[in-house]
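Just start-v9.tsv here, TSV, C-alpha atoms:
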```
chain	number	residue	atom	x	y	z
A	201	MET	CA	-62.42	0.67	-10.64
A	202	LYS	CA	-59.48	-0.23	-12.88
A	203	LYS	CA	-58.95	3.44	-13.66
A	204	LYS	CA	-58.71	4.26	-9.95
A	205	LEU	CA	-56.19	1.46	-9.45
A	206	TYR	CA	-54.03	2.75	-12.30
A	207	VAL	CA	-54.17	6.29	-10.88
A	208	ALA	CA	-53.19	5.03	-7.43
A	209	PHE	CA	-50.36	2.93	-8.92
A	210	PHE	CA	-48.87	5.84	-10.87
A	211	ALA	CA	-49.26	8.11	-7.86
A	212	LEU	CA	-47.24	5.62	-5.84
A	213	LEU	CA	-44.53	5.50	-8.53
A	214	LEU	CA	-44.43	9.30	-8.57
A	215	CYS	CA	-43.98	9.42	-4.81
A	216	ILE	CA	-41.13	6.94	-5.01
A	217	ALA	CA	-39.46	8.90	-7.81
A	218	MET	CA	-39.77	12.11	-5.82
A	219	THR	CA	-38.10	10.55	-2.79
A	220	LEU	CA	-35.07	9.22	-4.72
A	221	PRO	CA	-33.20	12.54	-4.80
A	222	ALA	CA	-33.75	12.84	-1.04
A	223	PHE	CA	-32.11	9.48	-0.49
A	224	ALA	CA	-29.20	10.45	-2.76
A	225	ALA	CA	-28.75	13.63	-0.76
A	226	GLU	CA	-28.13	11.54	2.35
A	227	SER	CA	-24.85	10.24	0.90
A	228	LEU	CA	-21.89	11.48	2.92
A	229	PRO	CA	-19.05	13.36	1.21
A	230	ARG	CA	-15.99	11.40	0.09
A	231	LEU	CA	-13.94	13.07	2.82
A	232	VAL	CA	-15.17	12.77	6.41
A	233	ASP	CA	-12.58	14.25	8.79
A	234	ASP	CA	-14.27	13.61	12.15
A	235	ALA	CA	-10.86	13.45	13.88
A	236	ASP	CA	-10.14	16.97	12.60
A	237	LEU	CA	-6.71	16.13	11.21
A	238	LEU	CA	-6.87	18.65	8.37
A	239	SER	CA	-7.33	22.39	8.16
A	240	ASP	CA	-10.38	23.77	6.36
A	241	SER	CA	-8.34	24.65	3.28
A	242	GLU	CA	-6.70	21.20	3.22
A	243	GLU	CA	-10.13	19.55	3.45
A	244	GLU	CA	-11.45	21.63	0.56
A	245	VAL	CA	-8.53	20.79	-1.73
A	246	LEU	CA	-8.55	17.09	-0.86
A	247	LEU	CA	-12.32	16.74	-1.24
A	248	ASP	CA	-12.16	18.33	-4.69
A	249	LYS	CA	-9.45	15.84	-5.68
A	250	LEU	CA	-11.41	12.85	-4.36
A	251	ASP	CA	-14.55	14.02	-6.17
A	252	ASP	CA	-12.66	14.54	-9.44
A	253	ILE	CA	-10.98	11.11	-9.30
A	254	SER	CA	-14.23	9.38	-8.34
A	255	SER	CA	-16.14	11.07	-11.15
A	256	ILE	CA	-13.52	10.34	-13.81
A	257	GLN	CA	-12.90	6.74	-12.72
A	258	GLY	CA	-16.56	5.89	-12.09
A	259	MET	CA	-15.98	4.58	-8.56
A	260	ASP	CA	-15.78	6.18	-5.13
A	261	VAL	CA	-12.45	6.98	-3.47
A	262	VAL	CA	-13.22	7.84	0.17
A	263	ILE	CA	-11.15	8.95	3.19
A	264	VAL	CA	-12.54	8.84	6.74
A	265	THR	CA	-10.86	9.86	10.00
A	266	VAL	CA	-12.30	9.16	13.46
A	267	ASP	CA	-11.12	9.49	17.03
A	268	SER	CA	-12.16	5.91	17.81
A	269	THR	CA	-14.07	2.98	16.27
A	270	GLY	CA	-15.60	2.07	19.63
A	271	ASP	CA	-16.41	-1.61	20.02
A	272	TRP	CA	-15.89	-2.32	16.32
A	273	SER	CA	-12.65	-3.38	14.70
A	274	THR	CA	-11.27	-0.96	12.12
A	275	MET	CA	-12.21	-3.40	9.34
A	276	GLU	CA	-15.80	-3.73	10.56
A	277	TYR	CA	-16.08	0.03	10.92
A	278	ALA	CA	-14.61	0.73	7.47
A	279	ASP	CA	-16.84	-1.86	5.75
A	280	ASP	CA	-20.03	-0.63	7.42
A	281	PHE	CA	-19.17	3.02	6.88
A	282	TYR	CA	-18.86	2.35	3.17
A	283	ASP	CA	-21.99	0.17	3.00
A	284	TYR	CA	-24.37	2.37	4.96
A	285	ASN	CA	-23.50	5.88	3.81
A	286	GLY	CA	-24.63	5.91	0.20
A	287	TYR	CA	-21.35	5.31	-1.61
A	288	ALA	CA	-21.15	3.64	-5.01
A	289	GLU	CA	-21.12	-0.12	-5.50
A	290	ASP	CA	-17.49	0.11	-6.66
A	291	GLY	CA	-14.92	1.87	-4.54
A	292	ILE	CA	-12.21	2.06	-1.91
A	293	LEU	CA	-12.18	3.64	1.55
A	294	LEU	CA	-9.23	4.57	3.77
A	295	LEU	CA	-10.06	4.75	7.48
A	296	VAL	CA	-7.73	6.34	10.06
A	297	SER	CA	-8.56	5.85	13.75
A	298	MET	CA	-6.49	7.98	16.12
A	299	GLU	CA	-7.17	6.25	19.46
A	300	GLU	CA	-5.01	3.21	18.69
A	301	ARG	CA	-3.32	4.77	15.63
A	302	ASP	CA	-4.92	2.28	13.26
A	303	TRP	CA	-5.43	2.50	9.52
A	304	CYS	CA	-7.61	0.31	7.36
A	305	ILE	CA	-8.49	-0.03	3.68
A	306	SER	CA	-11.86	-1.43	2.60
A	307	THR	CA	-12.56	-2.20	-1.05
A	308	ALA	CA	-15.90	-2.94	-2.70
A	309	GLY	CA	-17.10	-4.08	-6.11
A	310	TYR	CA	-14.53	-3.30	-8.80
A	311	GLY	CA	-12.30	-1.92	-6.06
A	312	ILE	CA	-11.59	-5.53	-5.03
A	313	THR	CA	-10.21	-6.19	-8.51
A	314	ALA	CA	-8.28	-2.92	-8.83
A	315	PHE	CA	-6.64	-3.16	-5.39
A	316	THR	CA	-5.15	-6.62	-4.88
A	317	ASP	CA	-3.58	-7.70	-1.60
A	318	ALA	CA	-0.09	-6.99	-2.94
A	319	GLY	CA	-1.30	-3.71	-4.40
A	320	GLN	CA	-2.75	-2.60	-1.06
A	321	LYS	CA	0.54	-3.38	0.67
A	322	TYR	CA	2.43	-1.27	-1.88
A	323	LEU	CA	-0.18	1.48	-1.61
A	324	ALA	CA	0.14	1.60	2.18
A	325	GLU	CA	3.93	1.82	1.95
A	326	GLN	CA	3.58	5.03	-0.04
A	327	PHE	CA	1.55	6.97	2.55
A	328	LEU	CA	2.40	5.35	5.92
A	329	GLU	CA	5.61	7.32	6.46
A	330	TYR	CA	3.68	10.59	6.19
A	331	LEU	CA	0.85	9.24	8.35
A	332	THR	CA	3.33	8.27	11.07
A	333	ASP	CA	4.95	11.72	10.96
A	334	GLY	CA	1.59	13.43	11.34
A	335	ASP	CA	1.73	14.88	7.83
A	336	TYR	CA	-1.86	13.87	7.16
A	337	ALA	CA	-2.48	16.18	4.20
A	338	ASN	CA	0.40	14.65	2.23
A	339	ALA	CA	-0.51	11.12	3.32
A	340	PHE	CA	-4.07	11.49	2.04
A	341	ASP	CA	-2.96	13.29	-1.11
A	342	ILE	CA	-0.60	10.41	-1.94
A	343	PHE	CA	-3.37	7.89	-1.25
A	344	ALA	CA	-5.71	9.68	-3.64
A	345	ASP	CA	-3.10	9.93	-6.42
A	346	GLN	CA	-2.11	6.28	-6.03
A	347	CYS	CA	-5.77	5.20	-6.17
A	348	ASP	CA	-6.18	7.09	-9.43
A	349	ASP	CA	-3.13	5.30	-10.87
A	350	PHE	CA	-4.24	1.86	-9.60
A	351	ILE	CA	-7.73	2.18	-11.08
A	352	THR	CA	-6.35	3.38	-14.41
A	353	GLN	CA	-3.97	0.40	-14.48
A	354	ALA	CA	-6.74	-2.07	-13.58
A	355	LYS	CA	-8.83	-0.88	-16.52
A	356	THR	CA	-6.09	-2.13	-18.87
A	357	GLY	CA	-6.95	-5.63	-17.71
A	358	GLN	CA	-3.75	-6.07	-15.68
A	359	PRO	CA	-4.21	-4.67	-12.14
A	360	TYR	CA	-1.10	-4.01	-10.11
A	361	ASP	CA	-0.24	-7.25	-8.31
A	362	SER	CA	2.72	-9.22	-7.00
A	363	GLY	CA	5.35	-9.21	-9.73
A	364	SER	CA	3.82	-6.24	-11.55
A	365	LEU	CA	3.78	-3.43	-9.01
A	366	PRO	CA	4.73	0.09	-10.15
A	367	LYS	CA	8.43	0.83	-10.09
A	368	LYS	CA	9.82	3.84	-8.30
A	369	PRO	CA	11.86	6.17	-10.56
A	370	PHE	CA	15.58	5.39	-10.35
A	371	LEU	CA	17.83	8.43	-10.51
A	372	ILE	CA	20.72	6.90	-12.45
A	373	LEU	CA	23.27	9.73	-12.33
A	374	SER	CA	22.83	10.71	-8.68
A	375	ASN	CA	22.77	7.10	-7.47
A	376	LEU	CA	25.84	6.27	-9.59
A	377	LEU	CA	27.81	9.17	-8.12
A	378	ILE	CA	26.80	8.19	-4.58
A	379	ALA	CA	27.83	4.57	-5.21
A	380	LEU	CA	31.18	5.54	-6.74
A	381	GLY	CA	31.97	8.01	-3.97
A	382	GLY	CA	31.08	5.51	-1.26
A	383	GLY	CA	33.11	2.78	-2.96
A	384	ILE	CA	36.22	4.96	-3.28
A	385	ILE	CA	36.08	6.03	0.37
A	386	LEU	CA	35.53	2.45	1.57
A	387	ALA	CA	38.39	1.12	-0.60
A	388	PHE	CA	40.74	3.82	0.68
A	389	LEU	CA	39.95	2.99	4.30
A	390	ILE	CA	40.40	-0.76	3.80
A	391	THR	CA	43.65	-0.56	1.84
A	392	GLY	CA	45.01	2.04	4.25
A	393	SER	CA	44.29	-0.25	7.19
A	394	MET	CA	45.92	-3.24	5.44
A	395	LYS	CA	48.96	-1.21	4.49
A	396	SER	CA	49.52	-0.03	8.06
A	397	ARG	CA	49.67	-3.64	9.28
A	398	MET	CA	52.25	-4.70	6.65
A	399	LYS	CA	55.13	-2.32	7.38
A	400	THR	CA	57.44	-5.19	8.48
A	401	VAL	CA	56.69	-7.37	5.47
A	402	ARG	CA	59.42	-7.70	2.83
A	403	MET	CA	59.19	-9.39	-0.55
A	404	GLN	CA	60.99	-12.78	-0.72
A	405	PRO	CA	62.73	-13.98	-3.93
A	406	GLU	CA	61.45	-17.60	-3.75
A	407	ALA	CA	58.05	-19.12	-3.01
A	408	ALA	CA	59.61	-21.52	-0.52
A	409	SER	CA	60.41	-18.60	1.74
A	410	TYR	CA	56.69	-18.22	2.44
A	411	MET	CA	56.26	-21.83	3.59
A	412	VAL	CA	56.73	-23.24	7.09
A	413	PRO	CA	59.24	-26.13	6.82
A	414	GLY	CA	57.50	-29.53	6.96
A	415	SER	CA	54.04	-28.06	6.68
A	416	MET	CA	53.24	-29.46	3.20
A	417	GLN	CA	53.40	-33.22	3.71
A	418	VAL	CA	50.35	-34.67	1.91
A	419	SER	CA	49.96	-38.43	2.48
A	420	ARG	CA	46.58	-38.88	0.79
A	421	SER	CA	43.64	-36.82	-0.45
A	422	HIS	CA	39.99	-37.37	-1.26
A	423	GLU	CA	36.80	-35.29	-1.68
A	424	MET	CA	34.02	-35.31	0.90
A	425	PHE	CA	30.51	-33.87	0.40
A	426	LEU	CA	29.62	-31.89	3.49
A	427	TYR	CA	26.37	-29.99	2.88
A	428	LYS	CA	24.40	-27.93	0.41
A	429	ASN	CA	22.43	-24.71	0.64
A	430	VAL	CA	18.91	-24.51	-0.77
A	431	ASP	CA	17.22	-21.12	-0.90
A	432	ARG	CA	13.43	-21.24	-0.74
A	433	THR	CA	11.17	-18.28	-1.44
A	434	ALA	CA	7.55	-18.39	-0.36
A	435	LYS	CA	5.19	-18.05	-3.30
A	436	GLN	CA	3.14	-14.86	-2.99
A	437	GLU	CA	-0.53	-15.31	-3.74
A	438	LYS	CA	-2.05	-13.03	-6.34
A	439	GLY	CA	-5.42	-11.33	-6.38
A	440	SER	CA	-7.52	-10.14	-3.46
A	441	SER	CA	-8.66	-11.96	-0.36
A	442	THR	CA	-12.24	-11.08	0.63
A	443	HIS	CA	-14.63	-11.19	3.57
A	444	THR	CA	-18.30	-10.41	4.21
A	445	SER	CA	-19.44	-7.31	6.07
A	446	SER	CA	-22.40	-7.07	8.47
A	447	SER	CA	-24.56	-5.93	5.55
A	448	GLY	CA	-23.78	-9.14	3.68
A	449	ASN	CA	-21.65	-7.36	1.08
A	450	THR	CA	-18.27	-8.65	-0.06
A	451	HIS	CA	-15.21	-6.55	0.68
A	452	GLY	CA	-11.46	-6.74	0.29
A	453	GLY	CA	-9.15	-4.90	2.59
A	454	SER	CA	-6.14	-4.66	4.87
A	455	GLY	CA	-4.92	-2.61	7.80
A	456	GLY	CA	-2.28	-1.97	10.41
A	457	LYS	CA	-0.71	0.56	12.77
A	458	PHE	CA	1.02	3.84	12.03
```

Representation of the structure as structure tokens:
Amino acid sequence: MKKKLYVAFFALLLCIAMTLPAFAAESLPRLVDDADLLSDSEEEVLLDKLDDISSIQGMDVVIVTVDSTGDWSTMEYADDFYDYNGYAEDGILLLVSMEERDWCISTAGYGITAFTDAGQKYLAEQFLEYLTDGDYANAFDIFADQCDDFITQAKTGQPYDSGSLPKKPFLILSNLLIALGGGIILAFLITGSMKSRMKTVRMQPEAASYMVPGSMQVSRSHEMFLYKNVDRTAKQEKGSSTHTSSSGNTHGGSGGKF
């Protein structure tokens, strides 16, 4: 009797093991272009890049485009798409919905650490211009490259966050020449305008010549405090804000219009 139970138990384990690859095969690719924003060749190149980054970094970087999210908000749709389609525990997903021209980022697991709120805002600023212009291939390519950089930075123990975001390269020579040229032109225009209004002015030999008679009669003087200016800058919170998806998983994320 015990032998039969053992045989049945191992047979059950074998069945479960045989079904695991089938479940893994159900995972969707890391690029799902249901809105058909990319050409076939663009899809192929982008998918290869997403797969390479995801494999090297050990977390999924996913891009999804849809015509509409239906009755769901973009955040709900993005969270559930990530949770229910076989992606890794750690990752980030960019959703683009064309009906209302919405975009949304959903982060999961280590993705919440790697992509802080400030980091997501910076990340969006890099690809939104291209998204708005309809240059979807470049927008998604920039998103993928930035994700690779953000994850690499996070693994140093210091994720990009407010006060430590990546700096854009500053072209010293070209910017200096532009500034000098603009300054010279502006100075020429201002001094030329001032000179044209002073044609009747003649230099006087004494300072008194510049004074209106009787205008400098000071009877008393004292100082009076009128007001002060105080500049206040709102403190930007660091880290990632989170929420819970319909599956009960924790996600970070952000979104907007393009």

**Request:** Please return, as an MDAnalysis selection string, all polymer residues that have at least one atom within 10 Å of the point (-7.0, 5.9, -11.6); use all atoms listed in the file and the file's own coordinate frame.
**Result:** chainID A and resid 253:254 256:259 261 314 344:355

**Message:** List as a ChimeraX atom specification the protein and nucleic acid residues near A:Asp335, meaning an atom at most 10 Å away when all atoms listed in the file are counted, but skip any in the same chain fewer than 6 places from it.
**Reply:** /A:237-238,327-329

**Request:** Would you mind reading off the distance between atom CA of A:Leu294 and atom CA of A:Ala278, one decimal, in Å?
**Result:** 7.6 Å

**Distance criterion (all atoms listed in the file): nearest to A:Asp341 out of A:Leu231, A:Ser268, A:Asp280, A:Thr316** =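 Of A:Leu231, A:Ser268, A:Asp280, A:Thr316, the one nearest A:Asp341 is A:Leu231, counting all atoms listed in the file.
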
**Request:** Tell me which of A:Gly439, A:Phe340, A:Tyr282, A:Gln320 sits closest to A:Gln358, counting all atoms listed in the file.
**Result:** A:Gly439

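The interatomic distance for the pair atom CA of A:Glu300 and atom CA of A:Thr313 works out to 29.2 Å.
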
**Request:** Skip A:Tyr360 itself and residues of its chain fewer than 2 positions away, then list as a ChimeraX atom specification all residues within 6 Å of it, counting only C-alpha atoms.
**Result:** /A:319,364-365
